[in-house]
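Here's the structure, in structure tokens; my notes come after.
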There are 2 protein chains.
Amino acid sequence: MGEAAVIALLSGGVGGSRFAAGLYDLVGQELTVIVNTADDEVIYGLHISPDVDTVLYTLSGIGDWERGWGVAGDTFRCNEALGRLGRDNWFRIGDADLATNLLRTELLNSGWRLSEVTELLARRLGIRCRVIPMTDSRVRTTVVTSHGPMTFQEYFVKHRAEPEVLRIVVERSQDERPAPGVVEAIEGSGFLFVAPSNPILSIRPILETRGVLDAVRSSGAVKVAVSPIVGGRALRGPADRLMRAFGMEPSAYGVARYYAELFGLDGFVVDRADASLSSRIESELGVRVYVTDTIMADRSEARRLAEEVLRFAGTLR
Amino acid sequence: MGEAAVIALLSGGVGGSRFAAGLYDLVGQELTVIVNTADDEVIYGLHISPDVDTVLYTLSGIGDWERGWGVAGDTFRCNEALGRLGRDNWFRIGDADLATNLLRTELLNSGWRLSEVTELLARRLGIRCRVIPMTDSRVRTTVVTSHGPMTFQEYFVKHRAEPEVLRIVVERSQDERPAPGVVEAIEGSGFLFVAPSNPILSIRPILETRGVLDAVRSSGAVKVAVSPIVGGRALRGPADRLMRAFGMEPSAYGVARYYAELFGLDGFVVDRADASLSSRIESELGVRVYVTDTIMADRSEARRLAEEVLRFAGTLR
């Protein structure tokens, strides 16, 4: 890597956590992962923080890589027992995963901040880099669909992101601030990466956290995003359909344009499937493009992608 | 049984739940079990109600008969994961058992009363008789020991009831009342039974619930208790040592005397090991004694004991 790379990464869940793991394996504690919390909810009385947990589990190596959530090899005895007790149990939490959610809820209820809980969990899981939720304030996302309004997890998990999305309402507290360390990480980084996460559901809520977009804009870091859209489709989740619904072109180009217009982008990484979009992105948006395999089927691929992205970003300084 | 027996049973955990199961098998919904909640606590942020759950699990048949708590065959993945996260995890809750505690906590936090939650759980577990916590108010028990003051579960589980008990402080709310149905069950029963439970830790808190002792005293029911002390020792737990510490004779006689003086007892059931105490109990306390095997190693033995006790009680009308 040559000199140490100080990196801030904006991340959602599955794709973001994989890319985070790749970077973490390369730069260790030089990485700070800033994680979306707009899909946090209270379910079964527990404060769940899906993207934070996916990042923690993936970084620490206990996560289920393929499934993209929860702990590998986990059982669902509690979840099944909830069903037997007549509790609607569509939101599945594994038994080991429950421990994380119990401890977080207990600590939050005793006055801890989400960022403090996250730091404790990261340390207990043996993670040496920083993982910071975008904010300690509660953010509530309501997805207004053709089936009516629902919480994010109802939309995403219960209804498998199938209903047509008409509107997304993100309620944020008036006195919301970024969690401690978020702005500092963005301002102090040499590289600011945007993970291959859903731009609307995962990255936008981070950028809309009061003060974050300004910090990103004014940061002197080299800014590079990895496309979550491959061949016009999201690898997972509804990013492509959502982009279309929100008037964006559902393509790698559309993602690049969104970030380029929002905060200025130095580089953009697209999959080989989208190599043909390179010249359009470079000429119309003035963003340098790097083409490679972006699908991270295992951790070594994530490391390989991270290494290529780092090298690419290094050329943009 | 001849005519239907309407029974109210005052019960703690293990021994009480077994005797309750025996009675339940005989009289079904004619039974109302009034359960101690003085060892309820909040652990891992969950409202645990150990005696209530032991009664529910034992009646429904999903309980671990031998262990006396939790669900048979349960796993402890969550509990182990809590330990890996650095959370003190001496209080073991099985994964299926967790579902009960999660649901109870969620419902209590949304305004349900403990008795309502208990009724729901009983129904969902297929139990046809009433199971009522002694009160819907929170009761906090502090055990002051030679090792310092501790919560009941710290004393009982973490320290295995080993420290010498100096004092037991039961904090009860000023506006405490018996849960709905408790007084009615006591007043309306033909038989009022006291299960073979710890008289100090389990039965006394029920009787000290405002209005309960008066209801027991004035009830026209035939009142029969089963001794939890066999051969001078508690089958389980610290009842014998506690009785000694509290100036009571740690014997079946001591238990009979305690109840006889407190509310008047018609009959008392002792184990064959204590047959020699019969004449003393009968002559000194004026309480009729029935001698049999009181150890309920399985449900059929519980049924057999319940049948004998019912028949004995029938002779006392």
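A note on labels: chains of the structure tokens are A, B, ... as shown, every chain counts residues from 1, and ligands are counted from 1 in their shown order.
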
(request) Could you give me, as a ChimeraX atom specification, each residue of range 2-223 of chain A that DSSP assigns to helix (DSSP H, G or I) when run on this structure's backbone? (result) /A:14-30,50-60,77-84,95-109,114-124,152-158,182-188,199-207,212-218

Residues from last step as file, C-alpha atoms, as a CSV table (one decimal), in the first residue's frame:
chain,number,residue,atom,x,y,z
A,14,VAL,CA,-24.6,-6.3,2.9
A,15,GLY,CA,-22.5,-4.8,0.0
A,16,GLY,CA,-21.1,-2.1,2.3
A,17,SER,CA,-20.0,-4.5,5.0
A,18,ARG,CA,-18.2,-6.7,2.5
A,19,PHE,CA,-16.3,-3.8,1.0
A,20,ALA,CA,-15.6,-2.6,4.6
A,21,ALA,CA,-14.1,-6.1,5.4
A,22,GLY,CA,-11.9,-5.9,2.3
A,23,LEU,CA,-10.6,-2.5,3.3
A,24,TYR,CA,-10.2,-3.5,7.0
A,25,ASP,CA,-8.1,-6.5,6.0
A,26,LEU,CA,-5.8,-4.1,4.1
A,27,VAL,CA,-5.5,-1.0,6.4
A,28,GLY,CA,-6.8,-2.2,9.8
A,29,GLN,CA,-7.3,0.6,12.2
A,30,GLU,CA,-6.8,3.3,9.6
A,50,PRO,CA,-29.4,-4.0,11.0
A,51,ASP,CA,-26.6,-2.2,9.0
A,52,VAL,CA,-24.5,-1.6,12.1
A,53,ASP,CA,-24.7,-5.3,13.0
A,54,THR,CA,-24.0,-6.5,9.5
A,55,VAL,CA,-20.9,-4.4,9.5
A,56,LEU,CA,-19.8,-5.6,12.9
A,57,TYR,CA,-20.5,-9.2,12.1
A,58,THR,CA,-18.8,-9.1,8.7
A,59,LEU,CA,-15.7,-7.3,10.0
A,60,SER,CA,-15.3,-9.6,12.9
A,77,ARG,CA,-35.1,-21.1,18.6
A,78,CYS,CA,-36.3,-17.9,20.2
A,79,ASN,CA,-37.8,-16.6,17.0
A,80,GLU,CA,-39.7,-19.9,16.5
A,81,ALA,CA,-40.8,-19.9,20.1
A,82,LEU,CA,-42.2,-16.3,19.7
A,83,GLY,CA,-44.3,-17.7,16.8
A,84,ARG,CA,-45.6,-20.5,19.0
A,95,ASP,CA,-30.3,-16.7,19.0
A,96,ALA,CA,-26.7,-15.4,19.1
A,97,ASP,CA,-27.7,-12.3,17.2
A,98,LEU,CA,-30.3,-11.7,19.9
A,99,ALA,CA,-27.6,-11.3,22.4
A,100,THR,CA,-26.3,-8.2,20.5
A,101,ASN,CA,-29.7,-6.7,20.4
A,102,LEU,CA,-30.5,-7.5,24.0
A,103,LEU,CA,-27.2,-5.9,25.1
A,104,ARG,CA,-27.7,-2.8,22.9
A,105,THR,CA,-31.2,-2.3,24.1
A,106,GLU,CA,-30.2,-2.7,27.7
A,107,LEU,CA,-27.4,-0.2,27.4
A,108,LEU,CA,-29.4,2.3,25.4
A,109,ASN,CA,-32.2,2.1,28.0
A,114,LEU,CA,-25.7,4.2,20.1
A,115,SER,CA,-22.2,5.1,19.2
A,116,GLU,CA,-20.9,4.0,22.6
A,117,VAL,CA,-22.7,0.8,22.4
A,118,THR,CA,-21.4,0.2,18.9
A,119,GLU,CA,-17.8,0.9,20.0
A,120,LEU,CA,-18.2,-1.6,22.9
A,121,LEU,CA,-19.6,-4.2,20.6
A,122,ALA,CA,-16.8,-3.7,18.1
A,123,ARG,CA,-14.2,-4.0,20.8
A,124,ARG,CA,-15.8,-7.1,22.2
A,152,PHE,CA,-38.6,0.1,6.7
A,153,GLN,CA,-38.3,-3.4,8.0
A,154,GLU,CA,-42.0,-4.2,7.2
A,155,TYR,CA,-41.3,-3.0,3.7
A,156,PHE,CA,-37.9,-4.7,3.3
A,157,VAL,CA,-38.3,-7.9,5.3
A,158,LYS,CA,-42.0,-8.6,5.7
A,182,VAL,CA,-18.2,11.0,12.1
A,183,VAL,CA,-17.3,14.5,10.8
A,184,GLU,CA,-13.8,14.2,12.1
A,185,ALA,CA,-13.3,10.9,10.2
A,186,ILE,CA,-14.6,12.5,7.0
A,187,GLU,CA,-12.5,15.6,7.4
A,188,GLY,CA,-9.4,13.7,8.4
A,199,PRO,CA,-27.8,5.1,-2.6
A,200,ILE,CA,-31.3,6.0,-1.6
A,201,LEU,CA,-31.9,3.8,1.4
A,202,SER,CA,-28.4,3.6,2.9
A,203,ILE,CA,-26.1,6.3,1.7
A,204,ARG,CA,-28.5,9.3,1.4
A,205,PRO,CA,-29.6,9.0,5.1
A,206,ILE,CA,-25.9,9.3,6.1
A,207,LEU,CA,-25.4,12.3,3.9
A,212,VAL,CA,-22.3,15.3,7.1
A,213,LEU,CA,-22.9,16.4,3.5
A,214,ASP,CA,-21.1,19.7,4.2
A,215,ALA,CA,-18.2,17.7,5.7
A,216,VAL,CA,-18.1,15.4,2.7
A,217,ARG,CA,-18.2,18.4,0.3
A,218,SER,CA,-15.4,20.3,2.0

Mind fitting chain A onto chain B over all Cα atoms in sequence order and sending the result as a CSV table (one decimal) with C-alpha atoms, in the first residue's frame?
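Below you can see part_12.csv, which holds the result:
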chain,number,residue,atom,x,y,z
A,1,MET,CA,-63.4,-37.1,42.4
A,2,GLY,CA,-67.2,-37.1,42.9
A,3,GLU,CA,-68.4,-33.5,42.7
A,4,ALA,CA,-66.1,-30.9,41.0
A,5,ALA,CA,-63.5,-29.5,43.3
A,6,VAL,CA,-63.0,-25.7,43.0
A,7,ILE,CA,-59.4,-25.2,44.1
A,8,ALA,CA,-57.1,-22.3,44.7
A,9,LEU,CA,-53.5,-23.1,45.0
A,10,LEU,CA,-50.8,-20.8,46.4
A,11,SER,CA,-47.6,-21.7,44.6
A,12,GLY,CA,-43.9,-20.9,44.2
A,13,GLY,CA,-41.7,-22.5,41.6
A,14,VAL,CA,-40.5,-26.0,41.3
A,15,GLY,CA,-42.4,-28.0,44.0
A,16,GLY,CA,-45.4,-25.7,43.6
A,17,SER,CA,-45.5,-26.1,39.8
A,18,ARG,CA,-45.3,-29.9,40.1
A,19,PHE,CA,-48.2,-30.1,42.6
A,20,ALA,CA,-50.1,-27.6,40.4
A,21,ALA,CA,-49.6,-30.0,37.4
A,22,GLY,CA,-51.0,-32.9,39.4
A,23,LEU,CA,-54.1,-30.9,40.4
A,24,TYR,CA,-54.5,-29.6,36.9
A,25,ASP,CA,-54.6,-33.1,35.5
A,26,LEU,CA,-57.3,-34.0,38.0
A,27,VAL,CA,-59.6,-30.9,38.0
A,28,GLY,CA,-58.6,-28.9,34.9
A,29,GLN,CA,-60.2,-25.5,34.8
A,30,GLU,CA,-61.5,-25.8,38.3
A,31,LEU,CA,-58.0,-25.0,39.4
A,32,THR,CA,-56.6,-21.4,40.0
A,33,VAL,CA,-52.9,-21.1,40.6
A,34,ILE,CA,-51.9,-18.0,42.5
A,35,VAL,CA,-48.2,-17.5,41.9
A,36,ASN,CA,-45.4,-15.7,43.8
A,37,THR,CA,-43.8,-12.8,42.0
A,38,ALA,CA,-41.4,-11.7,44.8
A,39,ASP,CA,-38.5,-13.0,42.9
A,40,ASP,CA,-39.3,-11.2,39.7
A,41,GLU,CA,-36.5,-9.0,38.4
A,42,VAL,CA,-35.3,-7.2,35.4
A,43,ILE,CA,-32.3,-9.0,33.9
A,44,TYR,CA,-30.8,-8.2,30.5
A,45,GLY,CA,-33.5,-5.6,30.3
A,46,LEU,CA,-36.1,-8.3,30.4
A,47,HIS,CA,-38.9,-8.7,33.0
A,48,ILE,CA,-38.3,-12.2,34.3
A,49,SER,CA,-41.0,-13.9,36.4
A,50,PRO,CA,-39.4,-17.2,37.4
A,51,ASP,CA,-42.2,-18.8,39.4
A,52,VAL,CA,-44.9,-17.8,36.9
A,53,ASP,CA,-42.9,-19.3,34.0
A,54,THR,CA,-42.1,-22.5,35.9
A,55,VAL,CA,-45.8,-22.9,36.6
A,56,LEU,CA,-46.8,-22.1,33.0
A,57,TYR,CA,-44.1,-24.4,31.5
A,58,THR,CA,-44.9,-27.3,33.9
A,59,LEU,CA,-48.6,-27.1,33.5
A,60,SER,CA,-48.3,-27.0,29.7
A,61,GLY,CA,-45.9,-29.8,29.7
A,62,ILE,CA,-43.0,-28.0,27.9
A,63,GLY,CA,-41.1,-27.4,31.1
A,64,ASP,CA,-38.0,-29.2,32.2
A,65,TRP,CA,-39.4,-31.3,35.0
A,66,GLU,CA,-36.1,-32.3,36.6
A,67,ARG,CA,-34.3,-29.0,36.4
A,68,GLY,CA,-37.4,-27.1,37.5
A,69,TRP,CA,-37.1,-24.1,35.3
A,70,GLY,CA,-37.0,-23.3,31.7
A,71,VAL,CA,-38.1,-25.3,28.6
A,72,ALA,CA,-37.2,-28.9,28.2
A,73,GLY,CA,-34.4,-29.4,25.6
A,74,ASP,CA,-33.8,-25.7,25.3
A,75,THR,CA,-30.5,-24.3,24.0
A,76,PHE,CA,-28.5,-21.4,25.4
A,77,ARG,CA,-27.1,-19.8,22.3
A,78,CYS,CA,-28.1,-16.3,23.3
A,79,ASN,CA,-26.9,-16.7,26.8
A,80,GLU,CA,-23.5,-17.9,25.6
A,81,ALA,CA,-23.3,-15.1,23.0
A,82,LEU,CA,-24.0,-12.6,25.8
A,83,GLY,CA,-21.0,-14.0,27.6
A,84,ARG,CA,-18.9,-13.6,24.5
A,85,LEU,CA,-19.9,-10.0,24.3
A,86,GLY,CA,-18.6,-9.6,27.8
A,87,ARG,CA,-22.0,-9.4,29.5
A,88,ASP,CA,-22.1,-11.0,32.9
A,89,ASN,CA,-24.4,-14.0,32.0
A,90,TRP,CA,-24.7,-16.0,35.2
A,91,PHE,CA,-28.5,-15.8,34.9
A,92,ARG,CA,-29.2,-18.4,32.3
A,93,ILE,CA,-32.2,-18.1,30.0
A,94,GLY,CA,-32.7,-20.6,27.3
A,95,ASP,CA,-33.4,-19.5,23.8
A,96,ALA,CA,-37.1,-20.7,23.7
A,97,ASP,CA,-37.5,-19.4,27.3
A,98,LEU,CA,-36.2,-16.0,26.0
A,99,ALA,CA,-39.3,-15.7,23.8
A,100,THR,CA,-41.6,-15.8,26.8
A,101,ASN,CA,-39.5,-13.1,28.5
A,102,LEU,CA,-39.2,-10.9,25.4
A,103,LEU,CA,-43.0,-11.1,24.8
A,104,ARG,CA,-43.8,-10.3,28.5
A,105,THR,CA,-41.4,-7.4,28.6
A,106,GLU,CA,-42.7,-6.0,25.3
A,107,LEU,CA,-46.3,-6.2,26.5
A,108,LEU,CA,-45.5,-4.8,29.9
A,109,ASN,CA,-43.7,-1.9,28.3
A,110,SER,CA,-46.7,-1.2,26.1
A,111,GLY,CA,-49.0,-1.0,29.2
A,112,TRP,CA,-50.3,-4.5,29.8
A,113,ARG,CA,-50.5,-5.8,33.3
A,114,LEU,CA,-48.5,-8.8,34.4
A,115,SER,CA,-51.8,-10.8,35.0
A,116,GLU,CA,-52.9,-10.0,31.5
A,117,VAL,CA,-49.6,-11.1,30.0
A,118,THR,CA,-49.7,-14.3,32.1
A,119,GLU,CA,-53.3,-15.0,31.0
A,120,LEU,CA,-52.2,-14.6,27.4
A,121,LEU,CA,-49.2,-16.8,27.8
A,122,ALA,CA,-51.2,-19.5,29.5
A,123,ARG,CA,-53.8,-19.5,26.7
A,124,ARG,CA,-51.1,-19.6,24.1
A,125,LEU,CA,-49.5,-22.5,25.9
A,126,GLY,CA,-52.8,-24.3,25.8
A,127,ILE,CA,-53.4,-24.1,29.6
A,128,ARG,CA,-57.1,-24.2,30.4
A,129,CYS,CA,-56.9,-23.2,34.1
A,130,ARG,CA,-56.2,-19.8,35.5
A,131,VAL,CA,-52.6,-18.9,36.5
A,132,ILE,CA,-52.5,-15.5,38.2
A,133,PRO,CA,-49.5,-13.7,39.6
A,134,MET,CA,-50.2,-12.6,43.1
A,135,THR,CA,-50.1,-8.9,42.1
A,136,ASP,CA,-49.6,-6.7,39.1
A,137,SER,CA,-47.4,-4.3,41.1
A,138,ARG,CA,-43.6,-4.7,41.1
A,139,VAL,CA,-42.2,-6.4,44.2
A,140,ARG,CA,-38.5,-6.1,44.8
A,141,THR,CA,-36.8,-8.6,47.1
A,142,THR,CA,-33.4,-7.8,48.5
A,143,VAL,CA,-31.6,-10.5,50.4
A,144,VAL,CA,-29.2,-9.1,53.0
A,145,THR,CA,-26.5,-11.7,53.4
A,146,SER,CA,-23.2,-12.2,55.1
A,147,HIS,CA,-21.8,-11.3,51.7
A,148,GLY,CA,-23.8,-8.0,51.6
A,149,PRO,CA,-27.2,-7.2,50.1
A,150,MET,CA,-28.2,-8.7,46.8
A,151,THR,CA,-31.2,-9.1,44.6
A,152,PHE,CA,-33.1,-12.4,45.0
A,153,GLN,CA,-31.7,-13.9,41.8
A,154,GLU,CA,-28.1,-12.9,42.7
A,155,TYR,CA,-28.6,-14.7,46.0
A,156,PHE,CA,-30.5,-17.7,44.6
A,157,VAL,CA,-28.8,-18.2,41.2
A,158,LYS,CA,-25.5,-16.4,41.1
A,159,HIS,CA,-24.5,-17.4,44.7
A,160,ARG,CA,-26.6,-20.7,44.7
A,161,ALA,CA,-28.3,-19.6,47.9
A,162,GLU,CA,-25.1,-20.3,49.8
A,163,PRO,CA,-24.5,-17.0,51.7
A,164,GLU,CA,-25.9,-16.8,55.2
A,165,VAL,CA,-29.2,-14.8,55.1
A,166,LEU,CA,-29.4,-12.1,57.7
A,167,ARG,CA,-32.5,-10.3,56.5
A,168,ILE,CA,-35.0,-10.3,53.6
A,169,VAL,CA,-36.3,-6.9,52.5
A,170,VAL,CA,-39.4,-7.0,50.3
A,171,GLU,CA,-40.2,-3.7,48.8
A,172,ARG,CA,-43.8,-3.4,47.7
A,173,SER,CA,-45.6,-0.4,46.2
A,174,GLN,CA,-47.9,1.7,48.4
A,175,ASP,CA,-50.9,1.1,46.1
A,176,GLU,CA,-50.3,-2.5,45.6
A,177,ARG,CA,-53.3,-4.7,45.2
A,178,PRO,CA,-53.7,-8.4,44.5
A,179,ALA,CA,-54.0,-9.1,40.8
A,180,PRO,CA,-57.6,-9.4,39.5
A,181,GLY,CA,-59.1,-12.8,40.4
A,182,VAL,CA,-56.7,-13.6,43.3
A,183,VAL,CA,-59.1,-12.7,46.2
A,184,GLU,CA,-62.1,-14.1,44.3
A,185,ALA,CA,-60.3,-17.4,43.7
A,186,ILE,CA,-59.4,-17.6,47.4
A,187,GLU,CA,-62.9,-16.7,48.6
A,188,GLY,CA,-64.7,-18.8,46.0
A,189,SER,CA,-62.7,-22.0,46.4
A,190,GLY,CA,-63.9,-25.1,48.2
A,191,PHE,CA,-60.3,-26.1,48.8
A,192,LEU,CA,-57.4,-23.8,49.4
A,193,PHE,CA,-54.1,-25.5,49.0
A,194,VAL,CA,-50.6,-24.3,49.8
A,195,ALA,CA,-48.1,-26.0,47.6
A,196,PRO,CA,-44.9,-27.5,48.8
A,197,SER,CA,-43.0,-24.3,48.2
A,198,ASN,CA,-40.6,-22.3,50.3
A,199,PRO,CA,-42.8,-20.8,53.1
A,200,ILE,CA,-40.6,-17.7,53.5
A,201,LEU,CA,-39.5,-16.9,50.0
A,202,SER,CA,-42.5,-18.1,48.0
A,203,ILE,CA,-45.7,-18.4,50.1
A,204,ARG,CA,-45.2,-15.5,52.6
A,205,PRO,CA,-44.9,-12.9,49.8
A,206,ILE,CA,-48.3,-14.1,48.4
A,207,LEU,CA,-49.9,-13.9,51.9
A,208,GLU,CA,-48.4,-10.5,52.4
A,209,THR,CA,-49.9,-9.1,49.3
A,210,ARG,CA,-52.4,-6.5,50.6
A,211,GLY,CA,-55.7,-8.2,51.3
A,212,VAL,CA,-54.6,-11.8,50.6
A,213,LEU,CA,-54.0,-12.9,54.1
A,214,ASP,CA,-57.4,-11.6,55.2
A,215,ALA,CA,-59.1,-13.4,52.3
A,216,VAL,CA,-57.3,-16.6,53.2
A,217,ARG,CA,-58.3,-16.3,56.8
A,218,SER,CA,-62.0,-15.5,56.1
A,219,SER,CA,-62.3,-18.0,53.3
A,220,GLY,CA,-64.7,-20.9,54.0
A,221,ALA,CA,-62.4,-23.3,52.0
A,222,VAL,CA,-60.8,-26.4,53.5
A,223,LYS,CA,-57.2,-25.3,53.9
A,224,VAL,CA,-54.5,-27.8,53.4
A,225,ALA,CA,-50.8,-27.3,53.0
A,226,VAL,CA,-48.2,-29.8,51.7
A,227,SER,CA,-44.9,-29.7,53.5
A,228,PRO,CA,-41.9,-28.6,51.4
A,229,ILE,CA,-39.6,-30.0,54.1
A,230,VAL,CA,-38.9,-33.7,54.0
A,231,GLY,CA,-36.8,-35.2,56.8
A,232,GLY,CA,-35.8,-31.8,58.1
A,233,ARG,CA,-34.5,-30.7,54.7
A,234,ALA,CA,-35.8,-28.8,51.8
A,235,LEU,CA,-35.9,-30.9,48.6
A,236,ARG,CA,-34.5,-28.0,46.8
A,237,GLY,CA,-33.4,-24.5,47.7
A,238,PRO,CA,-32.7,-23.0,51.1
A,239,ALA,CA,-36.0,-23.3,52.9
A,240,ASP,CA,-34.6,-25.3,55.8
A,241,ARG,CA,-31.7,-22.9,56.4
A,242,LEU,CA,-33.9,-19.9,56.0
A,243,MET,CA,-36.5,-21.2,58.5
A,244,ARG,CA,-33.7,-21.7,61.0
A,245,ALA,CA,-32.4,-18.3,60.4
A,246,PHE,CA,-35.8,-16.8,60.9
A,247,GLY,CA,-36.3,-18.6,64.2
A,248,MET,CA,-38.6,-21.3,62.9
A,249,GLU,CA,-38.1,-25.0,63.5
A,250,PRO,CA,-36.7,-26.3,60.2
A,251,SER,CA,-39.1,-29.2,59.9
A,252,ALA,CA,-42.5,-30.1,58.6
A,253,TYR,CA,-43.8,-29.2,62.1
A,254,GLY,CA,-42.3,-25.7,61.7
A,255,VAL,CA,-44.1,-25.2,58.4
A,256,ALA,CA,-47.4,-26.5,59.8
A,257,ARG,CA,-47.1,-24.2,62.8
A,258,TYR,CA,-46.2,-21.2,60.6
A,259,TYR,CA,-49.4,-21.6,58.5
A,260,ALA,CA,-51.5,-22.7,61.4
A,261,GLU,CA,-50.7,-19.5,63.3
A,262,LEU,CA,-50.9,-17.3,60.3
A,263,PHE,CA,-54.3,-18.3,58.9
A,264,GLY,CA,-55.5,-21.5,60.5
A,265,LEU,CA,-54.9,-24.8,58.7
A,266,ASP,CA,-57.3,-27.7,58.5
A,267,GLY,CA,-54.9,-30.3,57.2
A,268,PHE,CA,-51.2,-30.8,56.6
A,269,VAL,CA,-49.6,-33.3,54.3
A,270,VAL,CA,-46.2,-34.7,55.3
A,271,ASP,CA,-43.8,-37.1,53.8
A,272,ARG,CA,-43.4,-40.6,55.2
A,273,ALA,CA,-40.0,-39.5,56.4
A,274,ASP,CA,-41.8,-37.2,58.8
A,275,ALA,CA,-44.5,-39.5,59.9
A,276,SER,CA,-43.2,-39.3,63.5
A,277,LEU,CA,-44.1,-35.6,63.6
A,278,SER,CA,-47.8,-36.3,62.9
A,279,SER,CA,-49.0,-36.6,66.5
A,280,ARG,CA,-47.1,-33.5,67.6
A,281,ILE,CA,-48.7,-31.5,64.7
A,282,GLU,CA,-52.1,-32.8,65.4
A,283,SER,CA,-52.0,-32.4,69.2
A,284,GLU,CA,-50.1,-29.1,69.5
A,285,LEU,CA,-51.5,-27.3,66.4
A,286,GLY,CA,-54.9,-29.0,66.1
A,287,VAL,CA,-54.2,-29.7,62.4
A,288,ARG,CA,-55.1,-33.0,60.8
A,289,VAL,CA,-52.1,-34.7,59.2
A,290,TYR,CA,-51.9,-37.0,56.2
A,291,VAL,CA,-48.8,-39.0,55.6
A,292,THR,CA,-47.7,-40.1,52.1
A,293,ASP,CA,-44.9,-39.9,49.6
A,294,THR,CA,-44.6,-36.2,48.7
A,295,ILE,CA,-41.7,-36.4,46.3
A,296,MET,CA,-43.0,-35.9,42.8
A,297,ALA,CA,-40.3,-37.4,40.5
A,298,ASP,CA,-42.6,-37.2,37.5
A,299,ARG,CA,-46.0,-36.0,36.5
A,300,SER,CA,-47.8,-39.2,37.3
A,301,GLU,CA,-46.4,-39.0,40.9
A,302,ALA,CA,-47.6,-35.4,41.0
A,303,ARG,CA,-51.1,-36.6,40.0
A,304,ARG,CA,-51.0,-39.4,42.5
A,305,LEU,CA,-50.1,-36.9,45.3
A,306,ALA,CA,-52.7,-34.4,44.2
A,307,GLU,CA,-55.3,-37.1,44.2
A,308,GLU,CA,-54.4,-38.2,47.7
A,309,VAL,CA,-54.4,-34.6,48.9
A,310,LEU,CA,-57.7,-34.0,47.4
A,311,ARG,CA,-59.2,-37.1,48.9
A,312,PHE,CA,-57.7,-36.1,52.3
A,313,ALA,CA,-59.0,-32.6,52.0
A,314,GLY,CA,-62.5,-34.0,51.2
A,315,THR,CA,-62.6,-35.7,54.5
A,316,LEU,CA,-62.0,-32.4,56.3
A,317,ARG,CA,-65.1,-30.6,55.0

(request) Could you tell me, as JSON, numbers by chain, which residues of range 129-218 of chain B DSSP assigns to strand (DSSP E or B) when given the backbone? (result) {"B": [130, 131, 132, 133, 135, 139, 140, 141, 142, 143, 144, 145, 148, 149, 150, 151, 165, 166, 167, 168, 169, 170, 171, 172, 178, 191, 192, 193, 194]}
